[in-house]
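Asker: Pasting a structure below so you can have a look.
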Amino acid sequence: MSSFTYEKVAEHNTKDDLYMIIHNKVYNITQFVDEHPGGEEVLLDEGAKDATEAFEDVGHSDEARELLEKYYVGEVDKSSAPVKPVKAASTSTSADAPQGK
Ligand code: HEM
């Protein structure tokens, strides 16, 4: 079974190559971006990192959860640390976010 560090997942951060982590599982959702009923914007915003909270906040249906299986590519390497994906259109505030060493 493949495992991915957070850093590896963070590299897949574009519409043409997008990964997402939900409940410690890694999904390659590139093919799904155009199909998402909630639009592509949220997937691009929440992609390339752990989107568990965003995914759960929406209250996605069982059908949505089943869809995920199709895009499963592996597990998160839990010994790795989350990274802040570098994105051109980042909306995050930088001041209170310490960078990794
Ligand atoms: C790959 C992961 C995801 C899958 C497979 C997925 C799938 C779906 C599906 C099937 C729906 C239709 C309603 C339902 O069945 O629940 C939906 C709706 C929606 N999703 Fe996602 N979703 C994903 C990730 C996300 C994320 C990370 C967000 C971030 C906030 C999000 C936001 C929404 C919103 C706002 C709707 C409601 C759209 C509407 O009814 O107007 N989704 N999603």
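Ligands are numbered from 1 in the order shown, residues from 1 within each chain, and chains are lettered A, B, ... in the order they appear in the structure tokens.
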What are the DSSP alpha helix (DSSP H) residues of chain A, as a list in words?
Answerer: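 Secondary structure check on chain A, alpha helix (DSSP H): Tyr6, Glu7, Lys8, Val9, Ala10, Glu11, Glu40, Glu41, Val42, Leu43, Leu44, Asp45, Glu46, Thr52, Glu53, Ala54, Phe55, Glu56, Asp57, Val58, Asp62, Glu63, Ala64, Arg65, Glu66, Leu67, Leu68 and Glu69 of chain A.
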Asker: Store the residues picked out above, limited to C-alpha atoms, as a PDB file, in the first residue's frame.
Answerer:
```
ATOM      1  CA  TYR A   6       1.999  15.627   3.838  1.00  0.00           C
ATOM      2  CA  GLU A   7       4.746  17.186   1.770  1.00  0.00           C
ATOM      3  CA  LYS A   8       4.089  14.832  -1.138  1.00  0.00           C
ATOM      4  CA  VAL A   9       0.371  15.518  -1.000  1.00  0.00           C
ATOM      5  CA  ALA A  10       1.066  19.262  -0.963  1.00  0.00           C
ATOM      6  CA  GLU A  11       2.807  18.934  -4.328  1.00  0.00           C
ATOM      7  CA  GLU A  40     -14.230  23.273  -8.097  1.00  0.00           C
ATOM      8  CA  GLU A  41     -13.252  26.275  -6.003  1.00  0.00           C
ATOM      9  CA  VAL A  42     -13.662  24.554  -2.633  1.00  0.00           C
ATOM     10  CA  LEU A  43     -11.714  21.539  -3.820  1.00  0.00           C
ATOM     11  CA  LEU A  44      -8.850  23.736  -4.976  1.00  0.00           C
ATOM     12  CA  ASP A  45      -8.965  25.614  -1.678  1.00  0.00           C
ATOM     13  CA  GLU A  46      -9.061  22.514   0.483  1.00  0.00           C
ATOM     14  CA  THR A  52     -11.362  16.274   6.754  1.00  0.00           C
ATOM     15  CA  GLU A  53     -12.937  19.113   8.683  1.00  0.00           C
ATOM     16  CA  ALA A  54     -14.185  20.951   5.601  1.00  0.00           C
ATOM     17  CA  PHE A  55     -15.557  17.720   4.177  1.00  0.00           C
ATOM     18  CA  GLU A  56     -17.371  16.844   7.409  1.00  0.00           C
ATOM     19  CA  ASP A  57     -18.676  20.365   8.008  1.00  0.00           C
ATOM     20  CA  VAL A  58     -20.668  20.145   4.799  1.00  0.00           C
ATOM     21  CA  ASP A  62     -23.123   8.468   2.003  1.00  0.00           C
ATOM     22  CA  GLU A  63     -23.045   8.690  -1.760  1.00  0.00           C
ATOM     23  CA  ALA A  64     -20.344  11.336  -1.550  1.00  0.00           C
ATOM     24  CA  ARG A  65     -18.362   9.081   0.804  1.00  0.00           C
ATOM     25  CA  GLU A  66     -18.684   6.150  -1.552  1.00  0.00           C
ATOM     26  CA  LEU A  67     -17.433   8.277  -4.420  1.00  0.00           C
ATOM     27  CA  LEU A  68     -14.190   8.725  -2.541  1.00  0.00           C
ATOM     28  CA  GLU A  69     -13.244   5.053  -2.865  1.00  0.00           C
TER      29      GLU A  69
END
```
Asker: From a DSSP calculation on the backbone, collect every residue of chain A in strand (DSSP E or B) and output the set as a count of residues only.
Answerer: 20
Asker: Could you give me, as a ChimeraX atom specification, the residues within 10 Å of Asp16 (chain A), counting only C-alpha atoms and dropping anything in the same chain fewer than 3 positions from it?
Answerer: /A:12-13,29-31,33
Asker: Put those residues in a file: N, CA and C atoms, as a compact mmCIF listing (two decimals), in the first residue's frame.
Answerer:
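selection_24.txt was written with the following content:
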```txt
# COMPACT_ATOMS: atom_id res chain seq x y z
N HIS A 12 0.64 18.14 -5.01
CA HIS A 12 -0.48 17.96 -5.95
C HIS A 12 -1.55 19.00 -5.66
N ASN A 13 -1.29 20.21 -6.10
CA ASN A 13 -2.13 21.32 -5.67
C ASN A 13 -2.73 22.13 -6.81
N ILE A 29 -8.05 13.41 -6.64
CA ILE A 29 -9.39 13.84 -7.06
C ILE A 29 -9.36 14.66 -8.34
N THR A 30 -8.25 14.58 -9.06
CA THR A 30 -8.11 15.34 -10.31
C THR A 30 -9.31 15.17 -11.23
N GLN A 31 -9.72 13.92 -11.40
CA GLN A 31 -10.82 13.64 -12.33
C GLN A 31 -12.18 14.11 -11.80
N VAL A 33 -12.70 17.07 -10.00
CA VAL A 33 -12.81 18.51 -9.82
C VAL A 33 -13.97 19.12 -10.61
```
Asker: Which neighbours of Asn28 (chain A) fall inside 6 Å, counting only C-alpha atoms, when residues of the same chain fewer than 3 positions from it are skipped, and could you give them as a ChimeraX atom specification?
Answerer: /A:18-19,71
Asker: Taking 2 positions as the minimum chain separation for residues in the same chain, which residues sit within 6 Å of Ile21 (chain A) when counting only C-alpha atoms? Answer as JSON, numbers by chain.
Answerer: {"A": [24, 25, 26, 49, 50, 51]}
Asker: For the selection just defined, write its residues with C-alpha atoms to a file, as an mmCIF file, in the first residue's frame.
Answerer:
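See out-v2.cif below for the written result:
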```cif
data_model
loop_
_atom_site.group_PDB
_atom_site.id
_atom_site.type_symbol
_atom_site.label_atom_id
_atom_site.label_comp_id
_atom_site.auth_asym_id
_atom_site.auth_seq_id
_atom_site.Cartn_x
_atom_site.Cartn_y
_atom_site.Cartn_z
ATOM 1 C CA ASN A 24 -5.950 10.017 6.884
ATOM 2 C CA LYS A 25 -6.586 8.619 3.451
ATOM 3 C CA VAL A 26 -5.135 10.184 0.329
ATOM 4 C CA LYS A 49 -3.864 19.015 2.419
ATOM 5 C CA ASP A 50 -6.069 17.539 5.114
ATOM 6 C CA ALA A 51 -9.636 18.522 4.232
#
```
Asker: For atom 33 (C, counted along the ligand's line) of ligand 1 and CA of Lys15 (chain A), determine how far apart the two atoms are, in Å to one decimal place.
Answerer: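 Spanning atom 33 (C, counted along the ligand's line) of ligand 1 to CA of Lys15 (chain A) is a straight-line distance of 16.3 Å.
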Asker: Between atom 29 (C, counted along the ligand's line) of ligand 1 and CA of Thr5 (chain A), what distance in Å does the model show, to one decimal?
Answerer: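 Pair atom 29 (C, counted along the ligand's line) of ligand 1 / CA of Thr5 (chain A) returns 21.6 Å.
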Asker: Rounded to one decimal in Å, what is the spacing between atom 13 (C, counted along the ligand's line) of ligand 1 and CA of Ser61 (chain A)?
Answerer: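 The value is 5.8 Å.
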Asker: Looking at only C-alpha atoms and all ligand atoms, which of A:Gly39, A:Phe4, A:His23, A:Gly74 is the one that sits closest to ligand 1?
Answerer: A:Gly39
